$ cat final34.txt   # compact mmCIF, C-alpha atoms
# COMPACT_ATOMS: atom_id res chain seq x y z
CA MET H 17 2.48 13.34 58.28
CA LYS H 18 -0.08 10.51 58.24
CA PHE H 19 -3.69 10.44 59.42
CA SER H 20 -2.49 8.18 62.22
CA ASP H 21 -0.44 11.14 63.57
CA LEU H 22 -3.49 13.39 64.07
CA GLY H 23 -4.95 11.69 67.16
CA LEU H 24 -8.21 10.59 65.53
CA MET H 25 -9.94 7.57 67.07
CA PRO H 26 -9.29 4.15 65.46
CA GLU H 27 -12.82 3.86 64.03
CA ILE H 28 -12.31 7.08 62.05
CA GLN H 29 -8.80 6.12 60.92
CA ARG H 30 -10.24 2.82 59.69
CA ALA H 31 -12.93 4.59 57.64
CA VAL H 32 -10.33 6.95 56.15
CA ALA H 33 -8.07 4.01 55.22
CA GLU H 34 -11.03 2.25 53.58
CA GLN H 35 -11.34 5.26 51.26
CA GLY H 36 -7.71 4.81 50.26
CA TYR H 37 -6.28 7.85 52.07
CA ASP H 38 -3.26 7.82 54.36
CA THR H 39 -1.83 11.35 54.05
CA PRO H 40 -3.87 14.41 55.05
CA THR H 41 -4.00 17.46 52.76
CA PRO H 42 -2.50 20.76 54.04
CA ILE H 43 -5.84 22.06 55.32
CA GLN H 44 -6.54 18.77 57.09
CA GLN H 45 -3.12 18.88 58.75
CA GLN H 46 -3.87 22.35 60.13
CA ALA H 47 -7.63 22.25 60.75
CA ILE H 48 -8.05 18.82 62.38
CA PRO H 49 -5.83 19.49 65.44
CA ALA H 50 -7.44 22.93 65.93
CA VAL H 51 -10.97 21.50 65.84
CA LEU H 52 -10.02 18.57 68.09
CA ALA H 53 -8.68 21.08 70.63
CA GLY H 54 -12.03 22.89 70.64
CA HIS H 55 -10.85 26.12 69.01
CA ASP H 56 -12.95 28.31 66.72
CA LEU H 57 -11.59 28.22 63.17
CA MET H 58 -11.37 30.69 60.31
CA ALA H 59 -10.20 28.81 57.21
CA THR H 60 -9.46 30.07 53.72
CA ALA H 61 -9.74 27.13 51.36
CA GLN H 62 -10.88 26.46 47.83
CA THR H 63 -13.26 23.57 47.19
CA GLY H 64 -11.17 20.50 46.35
CA THR H 65 -8.52 21.05 49.03
CA GLY H 66 -10.04 18.43 51.32
CA LYS H 67 -11.75 20.99 53.55
CA THR H 68 -14.92 18.90 54.05
CA ALA H 69 -12.97 16.04 55.64
CA GLY H 70 -10.98 18.74 57.45
CA PHE H 71 -14.01 19.45 59.61
CA THR H 72 -16.08 16.24 59.42
CA LEU H 73 -13.27 14.02 60.78
CA PRO H 74 -12.56 15.98 64.00
CA ILE H 75 -16.28 16.66 64.54
CA LEU H 76 -17.02 12.93 64.38
CA HIS H 77 -14.18 12.30 66.83
CA ARG H 78 -15.53 14.86 69.31
CA LEU H 79 -19.12 13.64 69.08
CA ALA H 80 -18.28 9.95 69.35
CA PHE H 81 -16.82 10.34 72.85
CA GLY H 82 -20.17 11.53 74.19
CA ALA H 83 -22.46 9.54 71.90
CA ASN H 84 -23.07 6.35 73.88
CA ASP H 85 -24.95 7.89 76.79
CA ARG H 86 -27.09 9.82 74.32
CA LEU H 87 -28.16 6.69 72.47
CA SER H 88 -30.41 5.73 75.35
CA ARG H 89 -32.55 8.78 74.61
CA ILE H 90 -35.35 8.17 72.12
CA ALA H 91 -35.32 11.69 70.66
CA ARG H 92 -31.95 13.25 69.88
CA THR H 93 -31.60 16.94 69.15
CA PRO H 94 -28.79 17.98 66.77
CA ARG H 95 -25.39 18.56 68.35
CA VAL H 96 -23.72 19.81 65.17
CA LEU H 97 -25.12 22.16 62.51
CA VAL H 98 -23.38 22.53 59.15
CA LEU H 99 -24.84 25.32 57.00
CA THR H 100 -24.17 25.15 53.24
CA PRO H 101 -25.25 27.43 50.37
CA THR H 102 -26.52 24.74 47.97
CA ARG H 103 -28.35 21.44 48.10
CA GLU H 104 -25.52 19.70 46.20
CA LEU H 105 -23.01 20.77 48.81
CA ALA H 106 -25.35 19.71 51.64
CA ILE H 107 -25.60 16.24 50.08
CA GLN H 108 -21.83 16.09 49.62
CA VAL H 109 -21.08 17.07 53.24
CA GLU H 110 -23.61 14.61 54.66
CA GLU H 111 -22.14 11.85 52.46
CA SER H 112 -18.73 12.67 53.94
CA VAL H 113 -20.15 12.38 57.47
CA ARG H 114 -21.66 8.98 56.68
CA THR H 115 -18.52 7.74 54.91
CA TYR H 116 -16.14 8.64 57.74
CA GLY H 117 -18.60 7.94 60.56
CA LYS H 118 -19.67 4.48 59.33
CA HIS H 119 -18.06 2.72 62.31
CA LEU H 120 -19.42 5.17 64.90
CA PRO H 121 -22.81 5.48 66.70
CA VAL H 122 -23.40 8.92 65.16
CA ASN H 123 -26.16 9.69 62.68
CA SER H 124 -26.66 12.54 60.24
CA LEU H 125 -29.23 14.15 57.96
CA ALA H 126 -29.18 16.67 55.11
CA VAL H 127 -32.19 19.01 54.70
CA PHE H 128 -32.64 21.29 51.70
CA GLY H 129 -35.35 22.75 49.51
CA GLY H 130 -36.65 21.63 46.14
CA VAL H 131 -37.81 18.30 47.57
CA GLY H 132 -40.70 17.25 49.80
CA ILE H 133 -40.46 18.35 53.42
CA ASN H 134 -42.36 15.43 55.03
CA PRO H 135 -39.58 12.78 54.76
CA GLN H 136 -37.22 15.32 56.35
CA ILE H 137 -39.68 15.89 59.20
CA ALA H 138 -39.90 12.13 59.80
CA ASN H 139 -36.10 11.81 59.91
CA LEU H 140 -35.74 14.79 62.26
CA ARG H 141 -38.26 13.21 64.64
CA ARG H 142 -36.20 10.02 64.74
CA GLY H 143 -33.29 12.09 66.04
CA VAL H 144 -30.06 13.29 64.48
CA ASP H 145 -26.58 14.17 65.76
CA ILE H 146 -25.20 16.07 62.77
CA LEU H 147 -27.60 18.23 60.75
CA VAL H 148 -26.45 19.56 57.37
CA ALA H 149 -28.78 22.20 55.94
CA THR H 150 -29.32 25.02 53.49
CA PRO H 151 -30.55 28.21 55.19
CA GLY H 152 -34.07 28.58 53.80
CA ARG H 153 -35.19 25.00 54.38
CA LEU H 154 -33.67 24.99 57.88
CA LEU H 155 -35.71 28.08 58.78
CA ASP H 156 -38.81 26.35 57.35
CA HIS H 157 -38.21 23.49 59.80
CA VAL H 158 -37.55 25.91 62.68
CA GLN H 159 -40.79 27.79 62.00
CA GLN H 160 -42.72 24.52 61.93
CA LYS H 161 -41.01 23.46 65.18
CA ASN H 162 -39.56 20.35 63.53
CA VAL H 163 -36.06 20.99 64.85
CA ASP H 164 -34.56 22.29 68.08
CA LEU H 165 -31.20 24.05 67.74
CA SER H 166 -30.72 24.71 71.47
CA ALA H 167 -28.22 21.85 71.94
CA ILE H 168 -25.84 22.71 69.09
CA GLU H 169 -22.26 22.28 70.27
CA ILE H 170 -20.46 22.90 66.94
CA PHE H 171 -21.60 25.26 64.18
CA VAL H 172 -19.99 25.13 60.73
CA LEU H 173 -20.56 27.84 58.12
CA ASP H 174 -19.30 26.34 54.84
CA GLU H 175 -18.53 28.41 51.72
CA ALA H 176 -19.43 31.62 53.53
CA ASP H 177 -18.46 33.76 50.53
CA ARG H 178 -21.02 32.01 48.33
CA MET H 179 -23.61 32.33 51.12
CA LEU H 180 -23.24 36.10 50.96
CA ASP H 181 -23.20 36.11 47.13
CA MET H 182 -26.55 34.31 47.18
CA GLY H 183 -28.12 36.80 49.57
CA PHE H 184 -28.34 34.51 52.61
CA ILE H 185 -26.89 36.91 55.19
CA ARG H 186 -30.26 37.62 56.85
CA ASP H 187 -31.09 33.93 57.11
CA ILE H 188 -27.64 33.20 58.54
CA ARG H 189 -28.06 35.85 61.22
CA LYS H 190 -31.52 34.46 62.13
CA ILE H 191 -30.06 30.96 62.48
CA ILE H 192 -27.08 32.11 64.58
CA ALA H 193 -29.50 33.87 66.94
CA LEU H 194 -31.17 30.48 67.61
CA LEU H 195 -27.95 28.74 68.66
CA PRO H 196 -26.55 28.48 72.21
CA LYS H 197 -23.99 31.14 73.02
CA GLU H 198 -21.48 28.55 74.22
CA ARG H 199 -20.44 26.60 71.13
CA GLN H 200 -17.53 25.97 68.76
CA ASN H 201 -17.67 27.85 65.43
CA LEU H 202 -15.92 26.90 62.17
CA LEU H 203 -16.04 29.23 59.18
CA PHE H 204 -14.80 28.23 55.72
CA SER H 205 -14.55 30.55 52.73
CA ALA H 206 -12.67 30.55 49.43
CA THR H 207 -12.13 34.31 49.75
CA PHE H 208 -12.30 36.73 52.68
CA SER H 209 -13.97 39.95 51.61
CA PRO H 210 -14.65 42.77 54.10
CA ASP H 211 -18.22 41.44 54.46
CA ILE H 212 -16.94 37.97 55.36
CA ARG H 213 -14.49 39.42 57.86
CA GLU H 214 -17.31 41.41 59.47
CA LEU H 215 -19.40 38.24 59.74
CA ALA H 216 -16.44 36.33 61.17
CA SER H 217 -15.71 38.97 63.80
CA GLY H 218 -19.21 38.61 65.23
CA LEU H 219 -19.23 34.80 65.00
CA LEU H 220 -15.78 33.59 66.02
CA HIS H 221 -14.06 33.80 69.41
CA LYS H 222 -10.24 33.87 69.33
CA PRO H 223 -10.17 31.74 66.16
CA VAL H 224 -7.25 29.76 64.81
CA SER H 225 -6.61 30.98 61.25
CA VAL H 226 -5.84 28.44 58.52
CA ASP H 227 -4.93 29.72 55.06
CA VAL H 228 -4.17 27.11 52.42
CA ALA H 229 -5.42 29.12 49.45
CA PRO H 230 -4.01 32.65 49.31
CA ARG H 231 -6.80 35.07 48.53
CA ASN H 232 -8.08 34.93 44.97
CA THR H 233 -5.23 32.85 43.62
CA ALA H 234 -5.96 30.24 40.97
CA ALA H 235 -5.01 26.64 41.65
CA GLU H 236 -1.33 26.00 40.97
CA THR H 237 -2.02 22.52 39.60
CA VAL H 238 -4.29 23.84 36.83
CA THR H 239 -2.90 24.68 33.38
CA GLN H 240 -4.81 27.75 32.19
CA LYS H 241 -5.17 28.72 28.53
CA VAL H 242 -7.17 31.26 26.56
CA ILE H 243 -8.30 30.42 23.03
CA GLU H 244 -9.15 33.62 21.19
CA CYS H 245 -11.92 33.32 18.62
CA ASN H 246 -14.93 35.10 17.16
CA ARG H 247 -18.22 34.91 19.07
CA GLU H 248 -19.99 33.08 16.26
CA GLN H 249 -17.19 30.44 16.12
CA LYS H 250 -17.54 29.30 19.71
CA LYS H 251 -19.95 26.40 19.24
CA ASP H 252 -17.97 24.91 16.36
CA LEU H 253 -14.71 25.46 18.25
CA LEU H 254 -16.07 23.67 21.32
CA LYS H 255 -17.14 20.68 19.19
CA HIS H 256 -13.72 20.75 17.49
CA LEU H 257 -11.95 20.53 20.88
CA PHE H 258 -14.05 17.54 21.94
CA THR H 259 -13.51 15.61 18.71
CA THR H 260 -9.83 16.37 18.08
CA ARG H 261 -8.66 15.98 21.67
CA SER H 262 -11.00 13.14 22.68
CA LEU H 263 -12.06 15.11 25.74
CA HIS H 264 -13.99 13.31 28.48
CA GLN H 265 -15.58 14.40 31.75
CA VAL H 266 -15.47 18.10 30.90
CA LEU H 267 -17.26 20.70 33.01
CA VAL H 268 -18.37 23.45 30.61
CA PHE H 269 -19.46 26.81 32.04
CA ALA H 270 -22.18 28.91 30.45
CA ARG H 271 -23.38 32.24 31.81
CA THR H 272 -27.13 31.62 31.72
CA LYS H 273 -29.56 28.75 32.28
CA HIS H 274 -30.97 29.18 28.77
CA GLY H 275 -27.46 29.18 27.31
CA ALA H 276 -26.51 26.02 29.25
CA ASP H 277 -29.54 24.15 27.90
CA ALA H 278 -28.88 25.30 24.32
CA LEU H 279 -25.20 24.35 24.49
CA ALA H 280 -25.96 20.88 25.86
CA ARG H 281 -28.38 20.32 22.96
CA THR H 282 -25.73 21.47 20.47
CA LEU H 283 -23.19 18.98 21.84
CA GLU H 284 -25.75 16.15 21.85
CA LYS H 285 -26.57 16.81 18.18
CA ALA H 286 -22.85 16.55 17.42
CA GLY H 287 -22.75 13.09 19.03
CA ILE H 288 -21.12 14.29 22.28
CA LYS H 289 -22.98 12.98 25.34
CA ALA H 290 -23.92 16.09 27.31
CA ALA H 291 -26.43 17.46 29.81
CA ALA H 292 -27.09 20.78 31.52
CA ILE H 293 -27.38 21.53 35.24
CA HIS H 294 -28.78 24.75 36.70
CA GLY H 295 -31.19 26.15 39.27
CA ASP H 296 -34.34 25.50 37.23
CA LYS H 297 -33.72 21.75 37.10
CA SER H 298 -35.54 19.61 39.67
CA GLN H 299 -33.49 18.08 42.46
CA GLY H 300 -34.05 14.61 40.98
CA ALA H 301 -32.82 15.72 37.56
CA ARG H 302 -29.74 17.39 39.04
CA THR H 303 -28.85 14.35 41.13
CA ARG H 304 -29.30 12.01 38.15
CA VAL H 305 -27.18 14.17 35.82
CA LEU H 306 -24.41 14.54 38.41
CA SER H 307 -24.35 10.78 38.95
CA GLU H 308 -24.09 10.13 35.19
CA PHE H 309 -21.28 12.69 34.90
CA LYS H 310 -19.34 11.21 37.84
CA ASP H 311 -19.76 7.71 36.38
CA GLY H 312 -18.30 8.85 33.05
CA LYS H 313 -21.54 8.39 31.10
CA LEU H 314 -21.49 12.04 30.03
CA ALA H 315 -18.57 13.61 28.18
CA ALA H 316 -19.75 17.12 29.06
CA LEU H 317 -21.71 18.70 31.89
CA VAL H 318 -22.80 22.25 31.01
CA ALA H 319 -23.33 24.27 34.18
CA THR H 320 -24.03 27.73 35.51
CA ASP H 321 -21.85 29.07 38.33
CA ILE H 322 -24.13 28.40 41.28
CA ALA H 323 -25.22 24.95 40.10
CA ALA H 324 -21.58 23.91 39.75
CA ARG H 325 -20.70 24.94 43.29
CA GLY H 326 -21.59 21.58 44.80
CA ILE H 327 -19.92 19.43 42.14
CA ASP H 328 -17.18 17.43 43.82
CA ILE H 329 -15.19 15.11 41.55
CA ASP H 330 -11.66 14.27 42.66
CA ALA H 331 -10.21 13.59 39.23
CA LEU H 332 -12.03 16.09 37.00
CA PRO H 333 -9.53 16.67 34.17
CA TYR H 334 -11.00 19.65 32.27
CA VAL H 335 -12.93 22.86 32.79
CA ILE H 336 -13.95 24.89 29.74
CA ASN H 337 -15.22 28.44 30.12
CA TYR H 338 -17.51 28.68 27.10
CA GLU H 339 -18.28 32.18 28.35
CA LEU H 340 -16.29 34.15 30.91
CA PRO H 341 -18.10 35.03 34.14
CA ASN H 342 -19.14 38.59 34.89
CA VAL H 343 -17.50 38.42 38.33
CA PRO H 344 -13.73 37.72 38.21
CA GLU H 345 -13.79 35.72 41.48
CA ASP H 346 -16.13 33.25 39.83
CA TYR H 347 -13.34 32.37 37.39
CA VAL H 348 -11.25 31.21 40.37
CA HIS H 349 -14.15 29.12 41.67
CA ARG H 350 -14.73 27.63 38.22
CA ILE H 351 -11.20 26.46 37.54
CA GLY H 352 -10.97 25.18 41.13
CA ARG H 353 -13.24 22.31 40.08
CA THR H 354 -10.19 20.70 38.44
CA GLY H 355 -6.60 20.21 39.64
CA ARG H 356 -7.79 18.91 43.02
CA ALA H 357 -5.85 17.19 45.77
CA GLY H 358 -2.56 17.67 43.91
CA MET H 359 -3.80 16.21 40.61
CA GLU H 360 -3.24 18.13 37.39
CA GLY H 361 -6.07 19.72 35.45
CA GLU H 362 -6.61 22.02 32.49
CA ALA H 363 -8.83 25.09 32.24
CA ILE H 364 -9.58 26.44 28.76
CA SER H 365 -11.40 29.74 28.21
CA LEU H 366 -12.97 30.59 24.84
CA VAL H 367 -12.69 34.36 24.64
CA CYS H 368 -14.19 36.61 21.96
CA HIS H 369 -13.79 40.37 21.42
CA ASP H 370 -16.69 41.20 23.76
CA GLU H 371 -15.01 39.44 26.69
CA ARG H 372 -11.57 41.03 26.58
CA GLY H 373 -12.47 43.43 29.38
CA GLN H 374 -13.58 40.54 31.58
CA LEU H 375 -10.34 38.69 30.77
CA LYS H 376 -8.29 41.71 31.88
CA ASP H 377 -10.23 41.84 35.16
CA ILE H 378 -9.52 38.13 35.75
CA GLU H 379 -5.81 38.52 35.03
CA ARG H 380 -5.66 41.51 37.36
CA LEU H 381 -7.30 39.45 40.12
CA ILE H 382 -5.05 36.39 39.78
CA LYS H 383 -1.98 38.56 39.13
CA ARG H 384 -0.84 36.73 36.02
CA SER H 385 -1.27 36.82 32.26
CA LEU H 386 -2.91 33.76 30.76
CA GLU H 387 -1.40 32.00 27.78
CA ARG H 388 -3.14 32.89 24.49
CA VAL H 389 -3.63 30.13 21.94
CA GLU H 390 -5.08 30.23 18.43
CA ILE H 391 -6.56 27.15 16.77
CA GLU H 392 -6.10 26.79 13.03
CA GLY H 393 -9.36 27.51 11.25
CA PHE H 394 -10.75 29.45 14.23
CA GLU H 395 -8.48 32.49 14.21
CA PRO H 396 -10.28 35.64 15.43
CA SER H 397 -10.90 38.43 12.95
CA ALA H 398 -9.29 41.81 13.57
CA VAL H 399 -12.66 43.48 14.14
CA ALA H 400 -15.56 42.02 16.12
CA ALA H 401 -18.81 41.33 14.30
CA PRO H 402 -21.77 43.38 15.53
CA ARG H 403 -23.58 41.84 18.47
CA PRO H 404 -26.91 40.22 17.60
CA PRO H 405 -29.85 42.51 18.38
CA GLN H 406 -30.99 42.28 21.99
CA PRO H 407 -34.69 42.14 22.93
CA PRO H 408 -36.02 45.55 23.96
CA ARG H 409 -35.92 46.28 27.66
CA GLY H 410 -39.10 47.43 29.27
CA PRO H 411 -40.94 47.36 32.58
CA ARG H 412 -42.25 43.84 31.93
CA LYS H 413 -40.56 40.89 33.54
CA PRO H 414 -38.47 38.80 31.12
CA GLN H 415 -39.97 35.46 30.21
CA GLY H 416 -37.95 32.24 30.28
CA GLY H 417 -34.65 31.33 31.84
CA GLY H 418 -32.28 33.86 30.29
CA LYS H 419 -31.05 35.24 33.58
CA SER H 420 -27.98 33.76 35.13
CA ASP H 421 -28.22 31.71 38.31
CA SER H 422 -26.22 34.36 40.12
CA GLN H 423 -28.66 37.08 39.05
CA LYS H 424 -31.58 35.00 40.22
CA SER H 425 -30.03 34.13 43.56
CA GLY H 426 -29.75 37.62 44.98
CA LYS H 427 -31.60 39.00 47.97
CA LYS H 428 -35.01 38.65 46.40
CA GLY H 429 -34.74 34.84 46.27
CA GLY H 430 -34.66 32.08 43.70
CA THR H 431 -36.68 30.90 40.78
CA PRO H 432 -40.47 30.92 40.39
CA GLN H 433 -40.47 27.14 40.74
CA GLN H 434 -38.68 27.41 44.06
CA HIS H 435 -41.13 29.95 45.42
CA ARG H 436 -44.04 27.74 44.47
CA SER H 437 -42.50 24.75 46.24
CA GLY H 438 -41.69 26.77 49.35
CA ALA H 439 -37.91 26.43 48.90
CA ARG H 440 -36.02 29.65 49.38
CA HIS H 441 -32.63 28.53 48.13
CA HIS H 442 -30.76 26.57 45.51
$ encode --input "final34.txt" --output "structure tokens"
Amino acid sequence: MKFSDLGLMPEIQRAVAEQGYDTPTPIQQQAIPAVLAGHDLMATAQTGTGKTAGFTLPILHRLAFGANDRLSRIARTPRVLVLTPTRELAIQVEESVRTYGKHLPVNSLAVFGGVGINPQIANLRRGVDILVATPGRLLDHVQQKNVDLSAIEIFVLDEADRMLDMGFIRDIRKIIALLPKERQNLLFSATFSPDIRELASGLLHKPVSVDVAPRNTAAETVTQKVIECNREQKKDLLKHLFTTRSLHQVLVFARTKHGADALARTLEKAGIKAAAIHGDKSQGARTRVLSEFKDGKLAALVATDIAARGIDIDALPYVINYELPNVPEDYVHRIGRTGRAGMEGEAISLVCHDERGQLKDIERLIKRSLERVEIEGFEPSAVAAPRPPQPPRGPRKPQGGGKSDSQKSGKKGGTPQQHRSGARHH
């Protein structure tokens, strides 16, 4: 099947061809006809399967037919709302809309927290057809009467599982209550937990189901290996892997913001160009670091789970789990950053004695045993060394950034910096 077989208008086919694509991915083959026909959609898809184009292409097609008569109006209210969990994903989706809609009279805007609200207000007043937003900042605009959601024709809830993980369910329900009852709804999620299914049952009407990523399965195009080592060997082992294998463009996962910063500094001192990305970084810093990583100026990007959610690089060759995640599903999300669109990738996990329980949970989830590898000079000892002493726990709030992004993104909201700036999301 080719894109030309899907019934998309010539202007969209031209934009797709200009990006070098001629064959749709499996989710695009299934989702595009369903969206074009006006059906609600419930899609299971990992990031990297082409899901963003799977909904932006048919949405652009549907809007473009009715766009010309709307252009005569000075103020345009949004006709499409795409809700995303993170600012990086909002930027990515809006870029996709602009890329594929470049030959159409349709305009778009991404709104998210962590940046000034006034430029967003000015853009909203100029009128927008497709609005991409994170929940907290969208509600800020609604409360200030900067945006009218009464004309929304298509509502997209992207990465719904991560939305719930980040404690956005209340905000989502508030936003849905503001939308017209007659509309098309598209829901995308990497996994479908009972909570997601409950949300979907209240949102979707006779949906078409698309499943291109069986629940909680790891990408088939990713080679997965476990290197067993001692905890205190990990930093030296990571440097050893970079130098002996000439690794480039590696996404390295750390569990905490503090740990990500420290690991990036360690790699820099070893002459390996590296930077960290997490929820405490400013939007400008995150955008700059992501751009340097995509351009190949950084050999390593050290990230926490939530910060990495919006990273979209087609040819990312390596993911290294410096520390295993506490939640097994996050392992699937992590390794899904590589091996995209049919390309091969490699995921390496550095596992010490303390993490063997987490490794078992991951293997149980993905229903396979991962290959164990030992590196000469870094063989694990038979008995784990005692853990370093932990700071005493008391009623006082911890100082600094030691908590993980996922811990800080629960129902009580984000980081102190975000509260001060009025942003209620990552």
$ residues_around --input "final34.txt" --residues "Asp321 in chain H" --least-positions-apart "6" --cutoff "10 Å" --atoms "all atoms listed in the file" --output "short mmCIF file (atom, residue, chain, number, x, y, z; two decimals) with C-alpha atoms, keeping the file's coordinate frame"
data_model
loop_
_atom_site.label_atom_id
_atom_site.label_comp_id
_atom_site.auth_asym_id
_atom_site.auth_seq_id
_atom_site.Cartn_x
_atom_site.Cartn_y
_atom_site.Cartn_z
CA PHE H 269 -19.46 26.81 32.04
CA ALA H 270 -22.18 28.91 30.45
CA ARG H 271 -23.38 32.24 31.81
CA THR H 272 -27.13 31.62 31.72
CA LYS H 273 -29.56 28.75 32.28
CA ILE H 293 -27.38 21.53 35.24
CA HIS H 294 -28.78 24.75 36.70
CA GLY H 295 -31.19 26.15 39.27
CA PRO H 341 -18.10 35.03 34.14
CA ASP H 346 -16.13 33.25 39.83
CA TYR H 347 -13.34 32.37 37.39
CA HIS H 349 -14.15 29.12 41.67
CA ARG H 350 -14.73 27.63 38.22
CA SER H 420 -27.98 33.76 35.13
CA ASP H 421 -28.22 31.71 38.31
CA SER H 422 -26.22 34.36 40.12
#
$ atom_distance --input "final34.txt" --atom1 "CA of Arg78 in chain H" --atom2 "CA of Leu52 in chain H"
6.8 Å
$ residues_around --input "final34.txt" --residues "Pro396 in chain H" --least-positions-apart "4" --cutoff "12 Å" --atoms "all atoms listed in the file" --output "compact mmCIF listing (two decimals) with C-alpha atoms, keeping the file's coordinate frame"
# COMPACT_ATOMS: atom_id res chain seq x y z
CA ILE H 243 -8.30 30.42 23.03
CA GLU H 244 -9.15 33.62 21.19
CA CYS H 245 -11.92 33.32 18.62
CA ASN H 246 -14.93 35.10 17.16
CA ARG H 247 -18.22 34.91 19.07
CA GLU H 248 -19.99 33.08 16.26
CA GLN H 249 -17.19 30.44 16.12
CA LYS H 250 -17.54 29.30 19.71
CA LEU H 253 -14.71 25.46 18.25
CA LEU H 366 -12.97 30.59 24.84
CA VAL H 367 -12.69 34.36 24.64
CA CYS H 368 -14.19 36.61 21.96
CA HIS H 369 -13.79 40.37 21.42
CA ASP H 370 -16.69 41.20 23.76
CA ARG H 388 -3.14 32.89 24.49
CA VAL H 389 -3.63 30.13 21.94
CA GLU H 390 -5.08 30.23 18.43
CA ILE H 391 -6.56 27.15 16.77
CA GLU H 392 -6.10 26.79 13.03
CA ALA H 400 -15.56 42.02 16.12
CA ALA H 401 -18.81 41.33 14.30
$ atom_distance --input "final34.txt" --atom1 "CA of Asp311 in chain H" --atom2 "CA of Lys241 in chain H"
26.8 Å
$ atom_distance --input "final34.txt" --atom1 "CA of Lys197 in chain H" --atom2 "CA of His221 in chain H"
10.9 Å
$ closest_atom_pairs --input "final34.txt" --of "range 20-99 of chain H" --to "range 111-117 of chain H" --cutoff "12 Å" --atoms "only C-alpha atoms" --output "Markdown table"
| residue | atom | partner | partner_atom | distance |
| --- | --- | --- | --- | --- |
| H:Leu24 | CA | H:Tyr116 | CA | 11.3 |
| H:Met25 | CA | H:Gly117 | CA | 10.8 |
| H:Pro26 | CA | H:Gly117 | CA | 11.2 |
| H:Glu27 | CA | H:Gly117 | CA | 7.9 |
| H:Ile28 | CA | H:Tyr116 | CA | 6.0 |
| H:Gln29 | CA | H:Tyr116 | CA | 8.4 |
| H:Arg30 | CA | H:Tyr116 | CA | 8.5 |
| H:Ala31 | CA | H:Tyr116 | CA | 5.2 |
| H:Val32 | CA | H:Tyr116 | CA | 6.3 |
| H:Ala33 | CA | H:Tyr116 | CA | 9.6 |
| H:Glu34 | CA | H:Tyr116 | CA | 9.2 |
| H:Gln35 | CA | H:Thr115 | CA | 8.4 |
| H:Gly36 | CA | H:Tyr116 | CA | 11.9 |
| H:Tyr37 | CA | H:Tyr116 | CA | 11.4 |
| H:Gly66 | CA | H:Ser112 | CA | 10.7 |
| H:Lys67 | CA | H:Ser112 | CA | 10.9 |
| H:Thr68 | CA | H:Ser112 | CA | 7.3 |
| H:Ala69 | CA | H:Ser112 | CA | 6.9 |
| H:Gly70 | CA | H:Ser112 | CA | 10.5 |
| H:Phe71 | CA | H:Val113 | CA | 9.6 |
| H:Thr72 | CA | H:Val113 | CA | 5.9 |
| H:Leu73 | CA | H:Tyr116 | CA | 6.8 |
| H:Pro74 | CA | H:Tyr116 | CA | 10.3 |
| H:Ile75 | CA | H:Val113 | CA | 9.1 |
| H:Leu76 | CA | H:Gly117 | CA | 6.5 |
| H:His77 | CA | H:Gly117 | CA | 8.8 |
| H:Arg78 | CA | H:Gly117 | CA | 11.6 |
| H:Leu79 | CA | H:Gly117 | CA | 10.3 |
| H:Ala80 | CA | H:Gly117 | CA | 9.0 |
| H:Val96 | CA | H:Val113 | CA | 11.3 |
| H:Val98 | CA | H:Val113 | CA | 10.8 |
$ closest_residue --input "final34.txt" --among "H:Pro94, H:Pro101, H:Gly218, H:Gly130" --to "Ser205 in chain H" --atoms "only C-alpha atoms"
H:Pro101
$ residues_around --input "final34.txt" --residues "Ile364 in chain H" --least-positions-apart "5" --cutoff "8 Å" --atoms "all atoms listed in the file" --output "list in words"
Gln240, Lys241, Val242, Ile243, Tyr334, Val335, Ile336 and Asn337 of chain H
$ residues_around --input "final34.txt" --residues "Leu99 in chain H" --least-positions-apart "5" --cutoff "10 Å" --atoms "all atoms listed in the file" --output "PyMOL selection string"
chain H and resi 105-106+109+126-127+147-151+154+171-176+179+188+191+203
$ write_last_selection --input "final34.txt" --atoms "C-alpha atoms" --output "CSV table (one decimal), in the frame of the given file"
chain,number,residue,atom,x,y,z
H,105,LEU,CA,-23.0,20.8,48.8
H,106,ALA,CA,-25.4,19.7,51.6
H,109,VAL,CA,-21.1,17.1,53.2
H,126,ALA,CA,-29.2,16.7,55.1
H,127,VAL,CA,-32.2,19.0,54.7
H,147,LEU,CA,-27.6,18.2,60.8
H,148,VAL,CA,-26.4,19.6,57.4
H,149,ALA,CA,-28.8,22.2,55.9
H,150,THR,CA,-29.3,25.0,53.5
H,151,PRO,CA,-30.6,28.2,55.2
H,154,LEU,CA,-33.7,25.0,57.9
H,171,PHE,CA,-21.6,25.3,64.2
H,172,VAL,CA,-20.0,25.1,60.7
H,173,LEU,CA,-20.6,27.8,58.1
H,174,ASP,CA,-19.3,26.3,54.8
H,175,GLU,CA,-18.5,28.4,51.7
H,176,ALA,CA,-19.4,31.6,53.5
H,179,MET,CA,-23.6,32.3,51.1
H,188,ILE,CA,-27.6,33.2,58.5
H,191,ILE,CA,-30.1,31.0,62.5
H,203,LEU,CA,-16.0,29.2,59.2
$ residues_near_point --input "final34.txt" --point "(-5.7, 24.9, 59.1)" --cutoff "10 Å" --atoms "all atoms listed in the file" --output "list of chain:residue names"
H:Thr41, H:Pro42, H:Ile43, H:Gln44, H:Gln45, H:Gln46, H:Ala47, H:Ile48, H:Pro49, H:Ala50, H:Val51, H:Leu57, H:Met58, H:Ala59, H:Thr60, H:Ala61, H:Lys67, H:Gly70, H:Phe71, H:Val224, H:Ser225, H:Val226, H:Asp227, H:Val228
$ closest_residue --input "final34.txt" --among "H:His55, H:Gly352, H:Ala292, H:Leu120" --to "Phe81 in chain H" --atoms "only C-alpha atoms"
H:Leu120
